[in-house]
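Chemist: See input.txt below, with compact mmCIF, C-alpha atoms.
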```
# COMPACT_ATOMS: atom_id res chain seq x y z
CA MET A 1 -0.41 27.50 -14.77
CA ASP A 2 -4.21 27.51 -15.02
CA GLY A 3 -5.59 30.23 -12.77
CA LYS A 4 -8.80 28.28 -12.18
CA LEU A 5 -6.76 25.45 -10.61
CA LEU A 6 -5.41 27.86 -7.99
CA GLN A 7 -8.73 29.66 -7.44
CA ASN A 8 -10.88 26.55 -7.05
CA PRO A 9 -8.69 23.46 -6.71
CA ASN A 10 -10.19 20.03 -6.07
CA PRO A 11 -9.83 18.54 -2.55
CA LEU A 12 -6.79 16.43 -3.49
CA THR A 13 -5.03 19.44 -4.97
CA LYS A 14 -5.77 21.46 -1.84
CA ARG A 15 -4.32 18.73 0.35
CA PHE A 16 -1.25 18.45 -1.84
CA LEU A 17 -0.67 22.21 -1.72
CA PHE A 18 -0.95 22.14 2.08
CA VAL A 19 1.56 19.29 2.27
CA LEU A 20 3.94 21.02 -0.13
CA ALA A 21 3.70 24.18 1.97
CA GLY A 22 4.53 22.12 5.05
CA LEU A 23 7.70 20.74 3.46
CA ALA A 24 8.67 24.23 2.33
CA ALA A 25 8.13 25.55 5.88
CA ILE A 26 10.46 22.90 7.36
CA LEU A 27 13.16 23.68 4.81
CA LEU A 28 12.70 27.42 5.37
CA LEU A 29 13.12 26.91 9.11
CA ASN A 30 16.42 25.15 8.44
CA LEU A 31 17.50 27.98 6.17
CA ILE A 32 16.84 30.52 8.94
CA ILE A 33 18.48 28.50 11.73
CA SER A 34 21.43 27.09 9.79
CA PRO A 35 21.98 28.23 6.20
CA GLU A 36 24.77 25.64 5.89
CA PHE A 37 22.03 22.99 6.00
CA PHE A 38 21.61 23.57 2.26
CA GLN A 39 25.25 23.11 1.34
CA VAL A 40 25.60 20.60 -1.49
CA SER A 41 28.96 19.48 -2.86
CA LEU A 42 30.01 17.58 -5.97
CA HIS A 43 32.91 15.26 -5.19
CA GLU A 44 35.61 14.13 -7.56
CA ASP A 45 34.01 10.70 -7.83
CA GLY A 46 30.89 12.37 -9.29
CA LYS A 47 28.78 11.87 -6.17
CA ILE A 48 26.57 14.70 -4.92
CA ARG A 49 26.47 14.98 -1.16
CA GLY A 50 24.63 17.20 1.30
CA ASN A 51 21.69 17.26 3.70
CA LEU A 52 19.15 17.58 0.89
CA ILE A 53 20.60 14.46 -0.74
CA ASN A 54 20.51 12.72 2.63
CA ILE A 55 16.81 13.51 2.94
CA LEU A 56 16.16 11.91 -0.43
CA ASN A 57 18.44 8.94 0.22
CA ASN A 58 17.33 8.13 3.77
CA GLY A 59 13.71 8.82 2.92
CA ALA A 60 13.72 6.47 -0.08
CA ARG A 61 12.61 3.45 1.99
CA VAL A 62 9.65 5.29 3.48
CA CYS A 63 8.78 6.65 0.01
CA ILE A 64 8.69 3.11 -1.40
CA LEU A 65 6.57 1.88 1.50
CA ALA A 66 4.26 4.90 1.25
CA VAL A 67 3.45 4.11 -2.39
CA GLY A 68 2.23 0.61 -1.50
CA MET A 69 0.54 1.80 1.70
CA THR A 70 -1.36 4.49 -0.23
CA LEU A 71 -3.11 1.94 -2.43
CA VAL A 72 -3.98 -0.24 0.56
CA TYR A 73 -5.24 2.82 2.43
CA ALA A 74 -7.34 3.86 -0.58
CA THR A 75 -9.25 0.56 -0.44
CA GLY A 76 -10.11 1.22 3.20
CA GLY A 77 -7.35 -1.01 4.59
CA ILE A 78 -4.07 -0.67 6.42
CA ASP A 79 -0.88 -2.74 6.58
CA LEU A 80 1.00 -2.90 9.86
CA SER A 81 3.29 -5.67 8.66
CA VAL A 82 5.48 -3.83 6.14
CA GLY A 83 8.39 -3.44 8.56
CA SER A 84 8.37 -7.15 9.37
CA VAL A 85 8.10 -8.05 5.69
CA MET A 86 11.19 -5.89 5.11
CA ALA A 87 13.02 -7.98 7.72
CA THR A 88 11.91 -11.24 6.09
CA ALA A 89 13.05 -10.13 2.64
CA GLY A 90 16.38 -8.99 4.09
CA ALA A 91 16.88 -12.31 5.88
CA MET A 92 16.23 -14.25 2.68
CA ALA A 93 18.72 -12.12 0.78
CA ALA A 94 21.32 -12.70 3.51
CA LEU A 95 20.85 -16.47 3.33
CA MET A 96 21.42 -16.39 -0.42
CA ILE A 97 24.50 -14.15 -0.19
CA ARG A 98 26.05 -15.97 2.73
CA PRO A 99 24.35 -19.38 3.14
CA GLY A 100 27.07 -20.69 5.45
CA TYR A 101 27.04 -17.77 7.89
CA LEU A 102 25.67 -19.83 10.77
CA GLN A 103 28.55 -22.28 10.26
CA GLY A 104 31.07 -19.44 10.20
CA LEU A 105 31.67 -19.64 6.44
CA PRO A 106 32.36 -16.51 4.31
CA VAL A 107 30.10 -15.21 1.56
CA ALA A 108 29.37 -17.59 -1.29
CA ASN A 109 31.91 -17.53 -4.08
CA PRO A 110 30.81 -17.13 -6.79
CA GLN A 111 27.85 -15.04 -5.76
CA PRO A 112 24.37 -15.93 -7.06
CA PRO A 113 23.12 -13.59 -9.81
CA LEU A 114 21.94 -10.25 -8.41
CA LEU A 115 18.60 -10.67 -10.15
CA LEU A 116 18.05 -13.96 -8.32
CA ILE A 117 19.06 -12.46 -4.95
CA MET A 118 16.40 -9.82 -5.49
CA ALA A 119 13.70 -11.98 -7.07
CA VAL A 120 13.40 -14.65 -4.36
CA PRO A 121 12.97 -12.23 -1.42
CA LEU A 122 10.51 -10.15 -3.43
CA LEU A 123 8.44 -13.24 -4.24
CA ILE A 124 8.36 -14.13 -0.55
CA ALA A 125 7.30 -10.58 0.31
CA MET A 126 4.51 -10.76 -2.28
CA LEU A 127 3.39 -14.10 -0.83
CA LEU A 128 3.14 -12.54 2.62
CA GLY A 129 1.16 -9.68 1.09
CA LEU A 130 -1.12 -12.21 -0.57
CA ILE A 131 -1.78 -13.84 2.80
CA ASN A 132 -2.68 -10.42 4.20
CA GLY A 133 -5.01 -9.80 1.28
CA ALA A 134 -6.65 -13.22 1.62
CA LEU A 135 -7.27 -12.69 5.32
CA VAL A 136 -8.86 -9.32 4.62
CA ALA A 137 -10.77 -9.99 1.37
CA LEU A 138 -11.71 -13.67 1.70
CA VAL A 139 -11.75 -14.44 5.42
CA ARG A 140 -13.10 -10.93 6.17
CA ILE A 141 -10.75 -10.26 9.09
CA GLN A 142 -10.37 -6.57 9.86
CA PRO A 143 -7.24 -5.20 8.12
CA ILE A 144 -5.66 -3.93 11.32
CA ILE A 145 -6.01 -7.38 12.94
CA ALA A 146 -4.94 -9.37 9.88
CA THR A 147 -1.82 -7.32 9.31
CA LEU A 148 -1.04 -7.25 13.04
CA ILE A 149 -0.94 -11.05 12.90
CA MET A 150 1.42 -10.84 9.93
CA MET A 151 3.56 -8.22 11.68
CA TYR A 152 4.38 -10.74 14.43
CA SER A 153 4.52 -13.75 12.10
CA ALA A 154 6.86 -12.21 9.51
CA ARG A 155 9.19 -10.83 12.17
CA GLY A 156 9.34 -14.23 13.81
CA LEU A 157 10.00 -15.85 10.43
CA ALA A 158 12.91 -13.47 9.82
CA VAL A 159 14.41 -14.32 13.21
CA LEU A 160 14.05 -18.06 12.58
CA MET A 161 15.60 -17.82 9.12
CA VAL A 162 18.89 -16.46 10.48
CA GLU A 163 18.50 -17.96 13.97
CA GLY A 164 18.57 -14.51 15.55
CA GLN A 165 21.99 -13.73 14.12
CA THR A 166 23.11 -10.69 12.10
CA PRO A 167 24.77 -11.87 8.87
CA THR A 168 27.23 -9.41 7.34
CA TYR A 169 28.39 -9.24 3.72
CA HIS A 170 30.77 -6.46 2.73
CA GLY A 171 32.00 -5.85 -0.79
CA VAL A 172 29.47 -7.99 -2.65
CA PRO A 173 27.57 -6.65 -5.70
CA PHE A 174 24.27 -6.70 -3.77
CA THR A 175 25.39 -3.85 -1.49
CA LYS A 176 25.45 -1.46 -4.46
CA LEU A 177 21.65 -1.56 -4.31
CA GLY A 178 21.84 0.57 -1.17
CA LEU A 179 25.26 2.18 -1.48
CA GLY A 180 25.63 2.72 -5.24
CA TYR A 181 25.27 5.97 -7.16
CA PHE A 182 23.87 6.79 -10.60
CA LEU A 183 24.29 10.19 -12.27
CA GLY A 184 25.56 11.61 -8.99
CA LEU A 185 22.56 10.57 -6.90
CA PRO A 186 22.25 7.55 -4.57
CA LEU A 187 20.69 4.51 -6.21
CA PRO A 188 17.87 4.23 -3.60
CA VAL A 189 16.60 7.62 -4.78
CA TRP A 190 16.31 6.33 -8.34
CA ILE A 191 14.61 3.14 -7.14
CA ALA A 192 12.03 5.10 -5.15
CA ALA A 193 11.42 7.41 -8.13
CA ALA A 194 10.94 4.41 -10.45
CA VAL A 195 8.43 2.80 -8.07
CA PHE A 196 6.50 6.05 -7.83
CA LEU A 197 6.45 6.77 -11.57
CA ILE A 198 5.48 3.22 -12.55
CA THR A 199 2.67 3.17 -9.98
CA VAL A 200 1.38 6.55 -11.14
CA LEU A 201 1.38 5.40 -14.77
CA VAL A 202 -0.45 2.16 -13.97
CA THR A 203 -3.08 3.77 -11.73
CA LYS A 204 -3.67 6.85 -13.89
CA ARG A 205 -3.36 5.39 -17.39
CA THR A 206 -5.53 2.34 -16.69
CA ALA A 207 -8.82 1.78 -14.90
CA LEU A 208 -7.05 0.26 -11.91
CA GLY A 209 -6.85 3.55 -10.03
CA VAL A 210 -10.58 4.15 -10.50
CA PHE A 211 -11.36 0.61 -9.32
CA ILE A 212 -9.25 1.07 -6.18
CA GLU A 213 -10.98 4.36 -5.36
CA ALA A 214 -14.40 2.83 -6.03
CA VAL A 215 -13.72 -0.09 -3.68
CA GLY A 216 -12.59 2.33 -0.98
CA GLU A 217 -15.60 4.61 -1.44
CA ASN A 218 -18.29 1.93 -1.48
CA ARG A 219 -17.33 -1.73 -1.62
CA LYS A 220 -20.89 -3.01 -1.96
CA ALA A 221 -21.81 -0.65 -4.81
CA SER A 222 -18.54 -1.49 -6.56
CA ARG A 223 -19.37 -5.18 -6.45
CA TYR A 224 -22.81 -4.52 -7.96
CA MET A 225 -21.09 -2.55 -10.75
CA GLY A 226 -19.10 -5.64 -11.66
CA ILE A 227 -15.79 -4.66 -10.05
CA ARG A 228 -13.99 -7.65 -8.59
CA THR A 229 -13.57 -6.08 -5.19
CA ARG A 230 -11.84 -9.05 -3.58
CA LEU A 231 -9.28 -9.25 -6.35
CA ILE A 232 -8.61 -5.51 -6.17
CA THR A 233 -8.19 -5.64 -2.41
CA MET A 234 -5.87 -8.63 -2.52
CA GLY A 235 -3.88 -7.02 -5.32
CA THR A 236 -3.19 -3.90 -3.27
CA TYR A 237 -1.86 -5.99 -0.37
CA VAL A 238 0.34 -8.01 -2.73
CA PHE A 239 1.73 -4.78 -4.18
CA CYS A 240 2.26 -3.37 -0.69
CA GLY A 241 4.19 -6.54 0.17
CA LEU A 242 6.29 -6.08 -2.97
CA CYS A 243 7.11 -2.50 -1.96
CA ALA A 244 7.99 -3.66 1.56
CA GLY A 245 10.28 -6.35 0.18
CA LEU A 246 12.02 -3.87 -2.11
CA ALA A 247 12.45 -1.38 0.74
CA GLY A 248 13.90 -4.20 2.83
CA LEU A 249 16.45 -5.08 0.16
CA VAL A 250 17.49 -1.44 -0.16
CA HIS A 251 17.90 -1.20 3.61
CA VAL A 252 19.97 -4.35 4.17
CA ALA A 253 22.08 -3.59 1.08
CA GLY A 254 22.92 -0.18 2.49
CA GLU A 255 23.75 -1.63 5.90
CA SER A 256 25.82 -4.52 4.43
CA SER A 257 24.19 -6.66 7.11
CA THR A 258 20.81 -8.06 8.07
CA SER A 259 19.36 -7.69 11.57
CA PRO A 260 16.05 -9.57 11.90
CA TYR A 261 15.17 -7.49 14.95
CA ASN A 262 16.04 -4.00 13.73
CA THR A 263 15.32 -4.08 9.98
CA GLY A 264 12.11 -2.16 9.40
CA ASN A 265 11.38 -1.88 13.11
CA MET A 266 8.48 0.61 13.56
CA ILE A 267 8.95 1.97 10.04
CA GLU A 268 5.33 1.08 9.27
CA LEU A 269 4.31 4.02 11.47
CA ASP A 270 6.35 6.40 9.31
CA ALA A 271 4.77 4.95 6.17
CA ILE A 272 1.26 5.36 7.57
CA ALA A 273 2.07 8.88 8.76
CA ALA A 274 3.40 9.77 5.30
CA VAL A 275 0.15 8.65 3.68
CA ILE A 276 -1.98 10.57 6.17
CA ILE A 277 0.15 13.71 5.95
CA GLY A 278 0.05 13.38 2.16
CA GLY A 279 -3.73 13.75 2.18
CA THR A 280 -5.02 10.25 1.41
CA MET A 281 -7.97 9.59 3.64
CA TRP A 282 -9.10 6.15 4.74
CA GLY A 283 -10.86 4.79 1.68
CA GLY A 284 -11.53 6.54 -1.62
CA ARG A 285 -9.46 9.01 -3.57
CA PHE A 286 -5.71 8.89 -3.11
CA THR A 287 -2.67 10.94 -4.03
CA LEU A 288 0.65 9.21 -4.54
CA ALA A 289 2.49 12.51 -4.96
CA GLY A 290 1.14 13.67 -1.60
CA SER A 291 2.37 10.49 0.07
CA ILE A 292 5.86 11.02 -1.36
CA VAL A 293 5.96 14.59 -0.05
CA GLY A 294 4.62 13.30 3.28
CA ALA A 295 7.49 10.81 3.45
CA LEU A 296 9.97 13.61 2.70
CA ILE A 297 8.45 15.69 5.50
CA ILE A 298 8.96 12.79 7.92
CA GLN A 299 12.58 12.42 6.81
CA SER A 300 13.19 16.18 6.81
CA LEU A 301 12.18 16.33 10.46
CA SER A 302 14.57 13.51 11.34
CA THR A 303 17.43 15.04 9.32
CA THR A 304 16.83 18.44 10.91
CA VAL A 305 17.01 16.97 14.42
CA TYR A 306 20.19 15.08 13.54
CA PHE A 307 21.84 18.08 11.90
CA GLN A 308 20.99 20.43 14.77
CA ARG A 309 22.22 17.79 17.23
CA TRP A 310 18.97 17.86 19.16
CA PRO A 311 17.90 14.78 21.16
CA TYR A 312 16.28 12.05 19.04
CA GLU A 313 13.06 12.40 21.02
CA TYR A 314 12.54 15.79 19.40
CA SER A 315 11.84 14.14 16.05
CA LEU A 316 9.05 12.06 17.62
CA VAL A 317 7.48 15.19 19.09
CA PHE A 318 7.74 17.03 15.77
CA LYS A 319 6.10 14.13 13.93
CA ALA A 320 3.27 14.11 16.46
CA VAL A 321 2.76 17.86 16.04
CA VAL A 322 2.64 17.54 12.25
CA LEU A 323 0.05 14.74 12.47
CA ILE A 324 -2.07 16.77 14.89
CA VAL A 325 -1.98 19.80 12.58
CA VAL A 326 -2.89 17.66 9.57
CA ALA A 327 -5.76 16.03 11.47
CA LEU A 328 -7.10 19.44 12.48
CA ILE A 329 -6.82 20.84 8.96
CA GLN A 330 -8.64 17.85 7.51
CA SER A 331 -11.43 17.96 10.10
CA GLU A 332 -14.60 19.07 8.30
CA LYS A 333 -16.26 20.17 11.54
CA LEU A 334 -13.27 22.31 12.52
CA ARG A 335 -13.15 23.88 9.05
CA ALA A 336 -16.88 24.63 9.31
CA TYR A 337 -16.37 26.34 12.68
CA ALA A 338 -13.43 28.30 11.27
CA ALA A 339 -15.51 29.38 8.26
CA GLN A 340 -18.35 30.50 10.52
CA GLY A 341 -15.94 32.41 12.73
CA TRP A 342 -14.33 34.12 9.74
CA ALA A 343 -17.75 35.04 8.31
CA SER A 344 -18.76 36.48 11.68
CA ILE A 345 -15.58 38.59 11.83
CA LYS A 346 -16.15 39.89 8.29
CA SER A 347 -19.76 40.81 9.06
CA ARG A 348 -18.70 42.75 12.16
CA ARG A 349 -16.09 44.64 10.16
CA ALA A 350 -18.69 45.46 7.52
CA ARG A 351 -20.82 47.12 10.15
```
The structure given in the file should be rewritten as structure tokens.
Modeler:
Amino acid sequence: MDGKLLQNPNPLTKRFLFVLAGLAAILLLNLIISPEFFQVSLHEDGKIRGNLINILNNGARVCILAVGMTLVYATGGIDLSVGSVMATAGAMAALMIRPGYLQGLPVANPQPPLLLIMAVPLLIAMLLGLINGALVALVRIQPIIATLIMMYSARGLAVLMVEGQTPTYHGVPFTKLGLGYFLGLPLPVWIAAAVFLITVLVTKRTALGVFIEAVGENRKASRYMGIRTRLITMGTYVFCGLCAGLAGLVHVAGESSTSPYNTGNMIELDAIAAVIIGGTMWGGRFTLAGSIVGALIIQSLSTTVYFQRWPYEYSLVFKAVVLIVVALIQSEKLRAYAAQGWASIKSRRAR
């Protein structure tokens, strides 16, 4: 590894190293408290199971959401509606799998093609993202207000679609999306990895990533440079909607049921926390890898609390502590005070 990178890393690299150290600290704490936390077993059916796999599997939804949220955050926006969009996508999938549920009929036989069951909900999710983007970029409504409107609207739409019921569908091909395995690992892990890698390739190998950062840094200057700021902004919200829809499909497939009230409930806070912990500030440069590690930190805290059989409320406290620490570390004024204090200590020792 290049020694200069470690001696004088850029701000994003510093943030990523801090986040990585945080994840390592959580895992180390588990190793000290309960070494069996790291037990991983390979079953006869070829499936790998263990707490580390659970972290990856259960954290896949937040990872997918964090990728979309990172790009929105980089443009200076925020999306509070991703959890509700997940519920809408899940409700649409349920209606396609079991259209006669409200009449007490079983799942459709034959089942619609899996590609169609996925495509329609994802298109709806992208449409909801487009509405968010239009409200922000064209109507100039503040992102937090525009997406708050969508958070209520999409949740209400999901409830109306299934009339407040919870359709179930066991044993259909769609459920493999959340319960299936590939090469020993749960399929949601592979889906999250694919979303991450494709997004990294698109944003790093094309000018799109630079345009997103430019819009977040200075929207007015970007427009004078010829960047289509409105299109970029709307595109990030559409992509965030796509990620939310995909996360919703993974969730309802794994549950083999769709609850319009519980699907994605409050998960937008975990996605936002993952982005912040990962080191992406509001507007400007972003790090997708940091957001993924941030999502894994969030899930590691939850898995630790569950494994240690501590009350659920502990995980909320731990998340709050992590966010406070991250906020303090990223505070320029606090770092300046710390630097001055350290310089003062060194000068006293020199005397």
Chemist: As a list of chain:residue names, please: the residues near Ser257 of chain A (cut-off 9 Å, all atoms listed in the file, same-chain neighbours under 6 positions excluded).
Modeler: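 These residues fall inside the cut-off: A:Gly90, A:Ala94, A:Thr166, A:Pro167, A:Thr168, A:Tyr169, A:His170.
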Chemist: Using all atoms listed in the file, find the one residue out of A:Leu71, A:Val321, A:Ala244, A:Leu122 that sits nearest to Thr203 of chain A.
Modeler: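 That would be A:Leu71, the residue with the smallest distance to Thr203 of chain A.
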Chemist: Figure out the distance between atom CA of Thr287 of chain A and atom CA of Lys14 of chain A, please, to one decimal in Å.
Modeler: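 Rounded to one decimal, the two atoms are 11.2 Å apart.
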Chemist: At a cut-off of 12 Å around the point (4.1, -11.4, 1.9) (file coordinates), what residues fall inside when counting all atoms listed in the file? I'd like the answer as a ChimeraX atom specification.
Modeler: /A:79,81-89,120-135,147,150-151,153-155,157,234-246
Chemist: Between atom CA of Ala247 of chain A and atom CA of Ala108 of chain A, what distance in Å does the model show, to one decimal?
Modeler: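 Distance reported for this atom pair: 23.5 Å.
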Chemist: Looking at all atoms listed in the file, which of A:Ala66, A:Leu288, A:Leu179, A:Val136 is the one that sits closest to Val202 of chain A?
Modeler: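 Looking only at the distances to Val202 of chain A, the closest residue turns out to be A:Leu288.
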Chemist: So how far away is atom CA of Leu27 of chain A from atom CA of Glu255 of chain A, in Å?
Modeler: 27.5 Å
Chemist: Using all atoms listed in the file, which residues sit within 9 Å of Gly164 of chain A once same-chain residues fewer than 4 positions away are excluded, as a list in words?
Modeler: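 Once the adjacent positions are removed, what remains is Ala158, Val159, Leu160, Ser259, Pro260 and Tyr261 of chain A.
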Chemist: Take the residues that were just selected and, keeping C-alpha atoms, output them as a short mmCIF file (atom, residue, chain, number, x, y, z; two decimals), in the coordinates of the input.
Modeler:
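Result file is again_23.cif:
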```cif
data_model
loop_
_atom_site.label_atom_id
_atom_site.label_comp_id
_atom_site.auth_asym_id
_atom_site.auth_seq_id
_atom_site.Cartn_x
_atom_site.Cartn_y
_atom_site.Cartn_z
CA ALA A 158 12.91 -13.47 9.82
CA VAL A 159 14.41 -14.32 13.21
CA LEU A 160 14.05 -18.06 12.58
CA SER A 259 19.36 -7.69 11.57
CA PRO A 260 16.05 -9.57 11.90
CA TYR A 261 15.17 -7.49 14.95
#
```
Chemist: Using all atoms listed in the file, which residue out of A:Leu29, A:Ile141, A:Leu65, A:Ile276 lies closest to Lys319 of chain A?
Modeler: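 Counting all atoms listed in the file, the residue closest to Lys319 of chain A is A:Ile276.
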Chemist: Go through A:Ala74, A:Leu115, A:Leu42, A:Leu328 and flag the residue nearest Val215 of chain A, using only C-alpha atoms for the distances.
Modeler: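 Between A:Ala74, A:Leu115, A:Leu42, A:Leu328, the residue approaching Val215 of chain A most closely is A:Ala74.
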Chemist: Which neighbours of Ala289 of chain A fall inside 9 Å, counting all atoms listed in the file, when residues of the same chain fewer than 2 positions from it are skipped, and could you give them as a list in words?
Modeler: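 Those residues are Phe16, Val67, Phe196, Val200, Gly278, Thr287, Ser291, Ile292, Val293 and Gly294 of chain A.
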Chemist: At most 10 Å from (-17.4, -0.3, 0.9), file frame, all atoms listed in the file: which residues, as a VMD selection string?
Modeler: chain A and resid 75 to 76 214 to 223 229 283 to 284
Chemist: For Ser300 of chain A, list every protein, DNA or RNA residue within 6 Å, evaluated using all atoms listed in the file, and leave out those in the same chain fewer than 4 positions away; present the list as a PyMOL selection string.
Modeler: chain A and resi 55+296+304
Chemist: Start from the incomplete input, build N, CA and C atoms for segment 290-315 of chain A, and deliver everything as a PDB file, keeping the file's coordinate frame.
Modeler:
```pdb
ATOM      1  N   GLY A 290       1.255  13.188  -2.967  1.00  0.00           N
ATOM      2  CA  GLY A 290       1.140  13.670  -1.600  1.00  0.00           C
ATOM      3  C   GLY A 290       1.832  12.758  -0.610  1.00  0.00           C
ATOM      4  N   SER A 291       1.720  11.447  -0.824  1.00  0.00           N
ATOM      5  CA  SER A 291       2.370  10.490   0.070  1.00  0.00           C
ATOM      6  C   SER A 291       3.883  10.606   0.000  1.00  0.00           C
ATOM      7  N   ILE A 292       4.414  10.839  -1.209  1.00  0.00           N
ATOM      8  CA  ILE A 292       5.860  11.020  -1.360  1.00  0.00           C
ATOM      9  C   ILE A 292       6.327  12.256  -0.606  1.00  0.00           C
ATOM     10  N   VAL A 293       5.590  13.363  -0.763  1.00  0.00           N
ATOM     11  CA  VAL A 293       5.960  14.590  -0.050  1.00  0.00           C
ATOM     12  C   VAL A 293       5.813  14.369   1.457  1.00  0.00           C
ATOM     13  N   GLY A 294       4.781  13.622   1.868  1.00  0.00           N
ATOM     14  CA  GLY A 294       4.620  13.300   3.280  1.00  0.00           C
ATOM     15  C   GLY A 294       5.809  12.534   3.825  1.00  0.00           C
ATOM     16  N   ALA A 295       6.312  11.581   3.038  1.00  0.00           N
ATOM     17  CA  ALA A 295       7.490  10.810   3.450  1.00  0.00           C
ATOM     18  C   ALA A 295       8.715  11.721   3.567  1.00  0.00           C
ATOM     19  N   LEU A 296       8.839  12.670   2.645  1.00  0.00           N
ATOM     20  CA  LEU A 296       9.970  13.610   2.700  1.00  0.00           C
ATOM     21  C   LEU A 296       9.858  14.544   3.898  1.00  0.00           C
ATOM     22  N   ILE A 297       8.627  14.878   4.291  1.00  0.00           N
ATOM     23  CA  ILE A 297       8.450  15.690   5.500  1.00  0.00           C
ATOM     24  C   ILE A 297       8.924  14.915   6.720  1.00  0.00           C
ATOM     25  N   ILE A 298       8.529  13.635   6.803  1.00  0.00           N
ATOM     26  CA  ILE A 298       8.960  12.790   7.920  1.00  0.00           C
ATOM     27  C   ILE A 298      10.486  12.739   7.987  1.00  0.00           C
ATOM     28  N   GLN A 299      11.131  12.522   6.834  1.00  0.00           N
ATOM     29  CA  GLN A 299      12.580  12.420   6.810  1.00  0.00           C
ATOM     30  C   GLN A 299      13.240  13.770   7.061  1.00  0.00           C
ATOM     31  N   SER A 300      12.633  14.842   6.583  1.00  0.00           N
ATOM     32  CA  SER A 300      13.190  16.180   6.810  1.00  0.00           C
ATOM     33  C   SER A 300      13.233  16.506   8.293  1.00  0.00           C
ATOM     34  N   LEU A 301      12.203  16.103   9.020  1.00  0.00           N
ATOM     35  CA  LEU A 301      12.180  16.330  10.460  1.00  0.00           C
ATOM     36  C   LEU A 301      13.317  15.573  11.143  1.00  0.00           C
ATOM     37  N   SER A 302      13.506  14.310  10.751  1.00  0.00           N
ATOM     38  CA  SER A 302      14.570  13.510  11.340  1.00  0.00           C
ATOM     39  C   SER A 302      15.949  14.075  11.001  1.00  0.00           C
ATOM     40  N   THR A 303      16.136  14.479   9.742  1.00  0.00           N
ATOM     41  CA  THR A 303      17.430  15.040   9.320  1.00  0.00           C
ATOM     42  C   THR A 303      17.705  16.360  10.025  1.00  0.00           C
ATOM     43  N   THR A 304      16.664  17.164  10.208  1.00  0.00           N
ATOM     44  CA  THR A 304      16.830  18.440  10.910  1.00  0.00           C
ATOM     45  C   THR A 304      17.291  18.210  12.345  1.00  0.00           C
ATOM     46  N   VAL A 305      16.641  17.263  13.025  1.00  0.00           N
ATOM     47  CA  VAL A 305      17.010  16.970  14.420  1.00  0.00           C
ATOM     48  C   VAL A 305      18.444  16.460  14.487  1.00  0.00           C
ATOM     49  N   TYR A 306      18.825  15.616  13.543  1.00  0.00           N
ATOM     50  CA  TYR A 306      20.190  15.080  13.540  1.00  0.00           C
ATOM     51  C   TYR A 306      21.207  16.179  13.249  1.00  0.00           C
ATOM     52  N   PHE A 307      20.898  17.027  12.283  1.00  0.00           N
ATOM     53  CA  PHE A 307      21.840  18.080  11.900  1.00  0.00           C
ATOM     54  C   PHE A 307      22.011  19.110  13.018  1.00  0.00           C
ATOM     55  N   GLN A 308      20.926  19.447  13.691  1.00  0.00           N
ATOM     56  CA  GLN A 308      20.990  20.430  14.770  1.00  0.00           C
ATOM     57  C   GLN A 308      21.502  19.820  16.075  1.00  0.00           C
ATOM     58  N   ARG A 309      21.727  18.515  16.054  1.00  0.00           N
ATOM     59  CA  ARG A 309      22.220  17.790  17.230  1.00  0.00           C
ATOM     60  C   ARG A 309      21.268  17.907  18.418  1.00  0.00           C
ATOM     61  N   TRP A 310      19.981  17.895  18.108  1.00  0.00           N
ATOM     62  CA  TRP A 310      18.970  17.860  19.160  1.00  0.00           C
ATOM     63  C   TRP A 310      18.745  16.417  19.573  1.00  0.00           C
ATOM     64  N   PRO A 311      18.194  16.164  20.747  1.00  0.00           N
ATOM     65  CA  PRO A 311      17.900  14.780  21.160  1.00  0.00           C
ATOM     66  C   PRO A 311      16.948  14.107  20.182  1.00  0.00           C
ATOM     67  N   TYR A 312      17.111  12.808  19.988  1.00  0.00           N
ATOM     68  CA  TYR A 312      16.280  12.050  19.040  1.00  0.00           C
ATOM     69  C   TYR A 312      14.799  12.195  19.345  1.00  0.00           C
ATOM     70  N   GLU A 313      14.470  12.317  20.630  1.00  0.00           N
ATOM     71  CA  GLU A 313      13.060  12.400  21.020  1.00  0.00           C
ATOM     72  C   GLU A 313      12.367  13.595  20.387  1.00  0.00           C
ATOM     73  N   TYR A 314      13.134  14.617  20.033  1.00  0.00           N
ATOM     74  CA  TYR A 314      12.540  15.790  19.400  1.00  0.00           C
ATOM     75  C   TYR A 314      11.830  15.429  18.101  1.00  0.00           C
ATOM     76  N   SER A 315      12.439  14.515  17.336  1.00  0.00           N
ATOM     77  CA  SER A 315      11.840  14.140  16.050  1.00  0.00           C
ATOM     78  C   SER A 315      10.482  13.484  16.258  1.00  0.00           C
TER      79      SER A 315
END
```
